[in-house]
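The file protein_19.txt comes next; it holds compact mmCIF, C-alpha atoms.
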```
# COMPACT_ATOMS: atom_id res chain seq x y z
CA MET A 265 63.18 5.38 0.80
CA ALA A 266 61.72 2.15 -0.62
CA LEU A 267 63.56 1.08 -3.76
CA LEU A 268 61.45 -2.06 -4.23
CA GLU A 269 57.79 -2.43 -3.28
CA VAL A 270 55.95 -5.72 -3.65
CA LYS A 271 52.19 -5.40 -3.19
CA ASN A 272 49.67 -8.25 -2.84
CA LEU A 273 51.54 -10.53 -5.21
CA LYS A 274 49.68 -13.64 -6.29
CA LYS A 275 50.76 -16.31 -8.75
CA VAL A 276 48.60 -19.20 -9.87
CA TYR A 277 49.83 -21.73 -12.42
CA THR A 278 47.31 -23.58 -14.56
CA THR A 279 48.11 -27.02 -15.95
CA ARG A 280 48.22 -27.53 -19.69
CA PHE A 281 44.55 -28.49 -20.08
CA GLY A 282 43.32 -26.11 -17.40
CA GLY A 283 42.23 -28.85 -15.04
CA ASN A 284 44.41 -28.03 -12.04
CA HIS A 285 45.52 -24.78 -10.47
CA VAL A 286 48.67 -24.51 -8.38
CA GLN A 287 48.99 -21.43 -6.20
CA ALA A 288 52.69 -20.61 -5.87
CA LEU A 289 52.19 -17.19 -4.23
CA SER A 290 49.07 -16.29 -2.27
CA ASP A 291 49.52 -12.72 -1.01
CA VAL A 292 53.10 -11.43 -0.77
CA SER A 293 53.77 -7.86 0.30
CA PHE A 294 57.05 -6.32 1.45
CA SER A 295 59.41 -3.49 0.60
CA VAL A 296 63.19 -3.14 0.35
CA GLU A 297 64.85 0.12 1.23
CA GLU A 298 67.64 1.56 -0.87
CA GLY A 299 70.94 0.21 0.47
CA GLU A 300 69.37 -2.78 2.26
CA TYR A 301 70.71 -6.33 2.15
CA VAL A 302 67.74 -8.72 2.34
CA ALA A 303 67.75 -12.51 2.32
CA ILE A 304 64.69 -14.59 1.45
CA MET A 305 64.40 -18.08 2.90
CA GLY A 306 61.84 -20.87 2.84
CA GLU A 307 61.45 -24.58 2.34
CA SER A 308 61.41 -26.08 -1.15
CA GLY A 309 58.05 -25.33 -2.72
CA SER A 310 57.42 -22.29 -0.51
CA GLY A 311 57.27 -19.94 -3.50
CA LYS A 312 60.61 -18.13 -3.14
CA THR A 313 61.89 -19.12 -6.61
CA THR A 314 58.62 -17.97 -8.19
CA LEU A 315 58.96 -14.71 -6.28
CA LEU A 316 62.53 -14.21 -7.49
CA ASN A 317 61.53 -14.87 -11.11
CA ILE A 318 58.81 -12.22 -10.85
CA LEU A 319 61.20 -9.70 -9.27
CA ALA A 320 63.65 -10.43 -12.10
CA ALA A 321 60.89 -9.73 -14.64
CA LEU A 322 61.26 -13.28 -15.95
CA ASP A 323 57.68 -14.17 -15.02
CA LYS A 324 54.49 -12.20 -14.47
CA PRO A 325 52.20 -12.53 -11.46
CA THR A 326 48.52 -13.40 -11.68
CA SER A 327 47.82 -10.20 -9.76
CA GLY A 328 49.65 -7.62 -7.68
CA GLU A 329 52.34 -5.02 -8.25
CA VAL A 330 56.15 -4.92 -8.25
CA LEU A 331 57.46 -1.36 -8.15
CA LEU A 332 61.16 -0.68 -8.71
CA ASN A 333 61.90 3.00 -8.23
CA ASP A 334 58.13 3.58 -8.55
CA LYS A 335 57.99 1.85 -11.94
CA ASP A 336 55.66 -1.14 -12.16
CA ILE A 337 57.80 -3.83 -13.79
CA VAL A 338 54.74 -6.07 -14.25
CA SER A 339 53.36 -3.70 -16.89
CA ILE A 340 56.57 -3.37 -18.95
CA SER A 341 56.14 -4.71 -22.48
CA GLU A 342 58.06 -7.75 -23.71
CA LYS A 343 59.81 -5.50 -26.20
CA GLU A 344 61.26 -3.29 -23.46
CA ILE A 345 61.88 -5.83 -20.71
CA SER A 346 65.41 -6.94 -21.68
CA ALA A 347 66.70 -3.37 -21.78
CA PHE A 348 64.97 -2.67 -18.46
CA ARG A 349 66.74 -5.62 -16.82
CA ARG A 350 70.14 -4.52 -18.12
CA ARG A 351 69.65 -0.95 -16.87
CA ASN A 352 68.23 -1.75 -13.45
CA LEU A 353 69.03 -5.29 -12.31
CA GLY A 354 72.21 -7.26 -11.69
CA PHE A 355 72.05 -11.06 -11.42
CA VAL A 356 74.24 -13.54 -9.54
CA PHE A 357 73.32 -17.21 -10.03
CA GLN A 358 74.24 -20.43 -8.25
CA ASP A 359 75.69 -21.93 -11.43
CA PHE A 360 77.42 -18.67 -12.48
CA ASN A 361 75.81 -18.56 -15.98
CA LEU A 362 79.11 -17.66 -17.62
CA LEU A 363 79.68 -18.42 -21.31
CA ASP A 364 82.53 -20.92 -21.69
CA THR A 365 83.47 -19.57 -25.12
CA PHE A 366 84.04 -16.06 -23.67
CA SER A 367 86.95 -14.99 -21.48
CA LEU A 368 86.07 -13.76 -17.99
CA GLN A 369 86.56 -10.18 -19.21
CA ASP A 370 84.18 -10.65 -22.13
CA ASN A 371 81.62 -12.30 -19.83
CA ILE A 372 81.78 -9.28 -17.52
CA TYR A 373 81.49 -6.88 -20.44
CA LEU A 374 78.49 -8.67 -22.01
CA PRO A 375 75.62 -6.60 -20.51
CA LEU A 376 77.40 -3.38 -21.49
CA VAL A 377 78.06 -4.67 -25.01
CA LEU A 378 74.34 -5.44 -25.35
CA SER A 379 73.59 -1.89 -24.17
CA GLY A 380 75.90 -0.36 -26.79
CA THR A 381 78.37 1.06 -24.24
CA SER A 382 81.67 2.36 -25.64
CA TYR A 383 84.82 0.32 -25.04
CA SER A 384 86.48 3.14 -23.11
CA GLU A 385 83.51 3.37 -20.74
CA MET A 386 83.50 -0.42 -20.28
CA SER A 387 87.20 -0.37 -19.47
CA ASN A 388 86.77 2.46 -16.95
CA ARG A 389 84.02 0.55 -15.17
CA LEU A 390 85.92 -2.75 -15.21
CA ARG A 391 89.14 -1.53 -13.60
CA PRO A 392 87.93 -0.79 -10.05
CA LEU A 393 85.64 -3.82 -10.00
CA VAL A 394 88.33 -6.38 -10.82
CA GLU A 395 90.71 -4.77 -8.33
CA ASN A 396 88.15 -5.05 -5.52
CA LEU A 397 87.12 -8.58 -6.52
CA ARG A 398 90.73 -9.77 -6.94
CA ILE A 399 90.31 -11.14 -10.47
CA LYS A 400 92.48 -8.66 -12.37
CA ASP A 401 95.12 -11.30 -13.15
CA ILE A 402 92.72 -13.90 -14.59
CA LEU A 403 90.58 -11.80 -16.93
CA THR A 404 91.98 -13.46 -20.07
CA LYS A 405 91.18 -16.95 -18.77
CA PHE A 406 88.02 -18.84 -19.69
CA PRO A 407 85.48 -20.05 -17.10
CA TYR A 408 86.61 -23.68 -17.38
CA GLU A 409 90.16 -22.61 -16.47
CA VAL A 410 89.37 -21.07 -13.08
CA SER A 411 87.92 -22.15 -9.72
CA GLY A 412 84.29 -21.90 -8.66
CA GLY A 413 85.09 -18.98 -6.38
CA GLN A 414 86.81 -17.11 -9.19
CA LYS A 415 83.90 -17.78 -11.53
CA GLN A 416 81.46 -16.43 -8.96
CA ARG A 417 83.56 -13.28 -8.44
CA ALA A 418 83.50 -12.75 -12.21
CA ALA A 419 79.71 -13.22 -12.11
CA VAL A 420 79.50 -10.58 -9.36
CA ALA A 421 81.57 -8.21 -11.49
CA ARG A 422 79.19 -8.80 -14.42
CA ALA A 423 76.23 -8.03 -12.13
CA LEU A 424 77.80 -4.81 -10.83
CA ILE A 425 79.31 -3.36 -14.00
CA THR A 426 75.97 -1.89 -15.11
CA ASN A 427 75.63 0.01 -11.80
CA PRO A 428 72.29 -1.70 -11.12
CA LYS A 429 69.70 -0.36 -8.74
CA LEU A 430 69.19 -3.87 -7.34
CA VAL A 431 71.31 -7.04 -7.31
CA LEU A 432 69.28 -10.27 -7.29
CA ALA A 433 71.25 -13.30 -6.09
CA ASP A 434 69.87 -16.83 -6.44
CA GLU A 435 71.66 -19.28 -4.10
CA PRO A 436 75.00 -17.53 -4.79
CA THR A 437 77.00 -19.76 -2.43
CA GLY A 438 75.28 -23.01 -3.42
CA ALA A 439 78.00 -24.27 -5.77
CA LEU A 440 80.97 -23.06 -3.70
CA ASP A 441 83.13 -24.75 -1.08
CA SER A 442 83.10 -23.22 2.41
CA ARG A 443 86.16 -21.03 1.88
CA ALA A 444 84.91 -19.60 -1.44
CA ALA A 445 81.45 -19.10 0.09
CA ASP A 446 82.92 -17.14 3.01
CA ASP A 447 84.88 -15.05 0.53
CA LEU A 448 81.77 -14.28 -1.51
CA LEU A 449 79.76 -13.33 1.58
CA GLN A 450 82.47 -10.88 2.59
CA ILE A 451 82.30 -9.37 -0.90
CA PHE A 452 78.52 -9.02 -0.66
CA SER A 453 78.84 -7.32 2.73
CA GLN A 454 81.45 -4.96 1.32
CA ILE A 455 79.46 -3.91 -1.74
CA ASN A 456 76.37 -3.49 0.43
CA GLN A 457 78.33 -1.20 2.78
CA GLU A 458 79.26 0.82 -0.30
CA GLY A 459 75.54 1.36 -0.97
CA GLN A 460 74.50 -1.51 -3.25
CA THR A 461 71.02 -2.91 -2.57
CA ILE A 462 71.00 -6.74 -2.53
CA LEU A 463 68.15 -9.25 -2.44
CA MET A 464 69.33 -12.84 -2.05
CA VAL A 465 67.37 -16.09 -2.14
CA THR A 466 69.18 -18.80 -0.20
CA HIS A 467 68.82 -22.08 1.69
CA SER A 468 72.03 -21.31 3.59
CA THR A 469 71.54 -20.10 7.15
CA LYS A 470 75.14 -18.93 7.14
CA ALA A 471 74.63 -16.84 4.00
CA ALA A 472 71.41 -15.34 5.34
CA SER A 473 73.09 -14.41 8.64
CA HIS A 474 75.15 -11.81 6.76
CA ALA A 475 72.02 -9.96 5.58
CA SER A 476 70.51 -7.01 7.41
CA ARG A 477 67.04 -8.57 7.21
CA VAL A 478 65.69 -12.04 6.52
CA LEU A 479 62.21 -12.69 5.09
CA PHE A 480 60.75 -16.18 5.52
CA ILE A 481 58.30 -17.44 2.89
CA LYS A 482 55.86 -20.21 3.78
CA ASP A 483 52.96 -21.49 1.67
CA GLY A 484 53.32 -18.62 -0.77
CA ALA A 485 53.22 -15.79 1.78
CA VAL A 486 55.58 -13.89 4.06
CA PHE A 487 55.58 -15.88 7.31
CA HIS A 488 58.02 -13.82 9.40
CA GLN A 489 60.99 -11.48 9.18
CA ILE A 490 64.07 -10.84 11.31
CA TYR A 491 66.04 -7.60 11.44
CA LYS A 492 69.72 -8.03 12.25
CA GLY A 493 70.27 -4.66 13.89
CA SER A 494 73.29 -4.94 16.21
CA LEU A 495 73.26 -8.76 16.28
CA SER A 496 76.48 -10.57 15.43
CA ASN A 497 76.51 -13.04 12.53
CA GLU A 498 76.51 -15.85 15.10
CA ALA A 499 73.47 -14.51 16.97
CA MET A 500 71.66 -13.88 13.68
CA TYR A 501 72.48 -17.45 12.62
CA GLN A 502 70.81 -18.78 15.77
CA ARG A 503 67.67 -16.68 15.32
CA ILE A 504 67.36 -17.81 11.71
CA SER A 505 67.81 -21.46 12.73
CA ASP A 506 65.12 -21.13 15.41
CA THR A 507 62.66 -19.67 12.88
CA LEU A 508 63.41 -22.38 10.31
CA ASN A 509 62.74 -25.00 12.99
CA ILE A 510 59.37 -23.40 13.71
CA ILE A 511 58.52 -23.47 10.01
CA ALA A 512 59.63 -27.10 9.66
CA THR A 513 57.57 -28.24 12.65
CA GLY A 514 54.47 -26.31 11.65
CA GLY A 515 54.52 -23.88 14.56
CA ASP A 516 53.20 -20.34 14.63
CA ARG A 517 55.44 -17.47 13.67
CA ASN A 518 57.43 -15.56 16.24
CA GLU A 519 56.16 -12.09 16.99
```

Rewrite the coordinates I just gave you, this time as structure tokens.
Amino acid sequence: MALLEVKNLKKVYTTRFGGNHVQALSDVSFSVEEGEYVAIMGESGSGKTTLLNILAALDKPTSGEVLLNDKDIVSISEKEISAFRRRNLGFVFQDFNLLDTFSLQDNIYLPLVLSGTSYSEMSNRLRPLVENLRIKDILTKFPYEVSGGQKQRAAVARALITNPKLVLADEPTGALDSRAADDLLQIFSQINQEGQTILMVTHSTKAASHASRVLFIKDGAVFHQIYKGSLSNEAMYQRISDTLNIIATGGDRNE
């Protein structure tokens, strides 16, 4: 069953005085099944960040549809959009987006506080998350007191505590050293195996090789996709690298 459907998405930006038009997305269509782990890749300027912003309901397309659980998020009013994001989407960012004046626990609780969730319910949801993410012993610390890997695990906990239908991850390993990045990718694989749907935008071939499918964006459109199937991470890494080389050299897509 398709959890997310993107249909004929187009985004054109107009300069301040209307003189120039920049087409960031030309005609993007794809779907994500419930429980899938999808990575989106593309060169800088390919349109993947614009696409992520539209999927996150942070921007609106010029035309096209984005259906999440059959609800068109493009048509949601500004008044309702924040509550919709909290109920349906979890976010993991490259720079963590944690508040330095809040403890890790309070950062994780924040979306539930904004939703008016009771403290007992927040506590019940927090307990299994922090056990699985191995941050139980640092919840009272502040973001500036912990490592990048620990901050990102707290950010993952914040994304998951609302039980979102879809987790959107924007370069989640970009600010991490190799060991912390490997740790995070294992966590993503684990939560995906437990049923969480993940859509990740990344430049990292290694990160993308953990996904079950990789979509390549070029010139504002879907250029190609690779299904992992029974491939190992190493074999998937090589297939992704080959496709990126084709994109970089201006070749035709693989069929």

* **Nearest candidate to Gln416 in chain A (options A:Gln460, A:Ser327, A:Ser379, A:Gln358; using only C-alpha atoms)** => A:Gln358

* Asked: When you draw a straight line from CA of Val420 in chain A to CA of Asn333 in chain A, how long is it in Å?
  -> 22.3 Å

* Find the residues near Thr326 in chain A: any atom within 9 Å, counting all atoms listed in the file, skip ones fewer than 3 places away on the same chain, and give them as a ChimeraX atom specification. => /A:273-277

* To do: Write out as a list in words which residues come within 12 Å of Glu342 in chain A when counting all atoms listed in the file, dropping same-chain ones fewer than 5 positions away.
  => Ala321, Leu322, Asp323, Lys324, Ile337, Ala347, Phe348 and Arg349 of chain A

Expected residue set, 12 Å radius at (88.4, -10.8, -21.8), only C-alpha atoms, as a JSON list (two decimals) with C-alpha atoms, in the frame of the given file:
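Dumped to selection02.json:
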```
[["chain", "number", "residue", "atom", "x", "y", "z"],
["A", 363, "LEU", "CA", 79.68, -18.42, -21.31],
["A", 364, "ASP", "CA", 82.53, -20.92, -21.69],
["A", 365, "THR", "CA", 83.47, -19.57, -25.12],
["A", 366, "PHE", "CA", 84.04, -16.06, -23.67],
["A", 367, "SER", "CA", 86.95, -14.99, -21.48],
["A", 368, "LEU", "CA", 86.07, -13.76, -17.99],
["A", 369, "GLN", "CA", 86.56, -10.18, -19.21],
["A", 370, "ASP", "CA", 84.18, -10.65, -22.13],
["A", 371, "ASN", "CA", 81.62, -12.30, -19.83],
["A", 372, "ILE", "CA", 81.78, -9.28, -17.52],
["A", 373, "TYR", "CA", 81.49, -6.88, -20.44],
["A", 374, "LEU", "CA", 78.49, -8.67, -22.01],
["A", 386, "MET", "CA", 83.50, -0.42, -20.28],
["A", 387, "SER", "CA", 87.20, -0.37, -19.47],
["A", 390, "LEU", "CA", 85.92, -2.75, -15.21],
["A", 394, "VAL", "CA", 88.33, -6.38, -10.82],
["A", 399, "ILE", "CA", 90.31, -11.14, -10.47],
["A", 400, "LYS", "CA", 92.48, -8.66, -12.37],
["A", 401, "ASP", "CA", 95.12, -11.30, -13.15],
["A", 402, "ILE", "CA", 92.72, -13.90, -14.59],
["A", 403, "LEU", "CA", 90.58, -11.80, -16.93],
["A", 404, "THR", "CA", 91.98, -13.46, -20.07],
["A", 405, "LYS", "CA", 91.18, -16.95, -18.77],
["A", 406, "PHE", "CA", 88.02, -18.84, -19.69],
["A", 407, "PRO", "CA", 85.48, -20.05, -17.10],
["A", 418, "ALA", "CA", 83.50, -12.75, -12.21],
["A", 422, "ARG", "CA", 79.19, -8.80, -14.42]]
```

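CA of Gln454 in chain A is positioned 25.4 Å from CA of Thr313 in chain A.
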
* To do: Please indicate the distance in Å from CA of Ala445 in chain A to CA of Lys470 in chain A, rounded to one decimal place.
  =>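 Distance between the two atoms: 9.5 Å.
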
* **Counting all atoms listed in the file, the option among A:Pro436, A:Gly514, A:Gly328, A:Gly459 closest to Ala471 in chain A** =>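 Ranking A:Pro436, A:Gly514, A:Gly328, A:Gly459 by distance to Ala471 in chain A, first place goes to A:Pro436.
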
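Near Asn352 in chain A, within a cut-off of 10 Å and counting only C-alpha atoms, sit the residues Ala320, Leu332, Asn333, Ala347, Phe348, Thr426, Asn427, Pro428, Lys429, Leu430 and Val431 of chain A, with same-chain residues fewer than 4 positions away left out.
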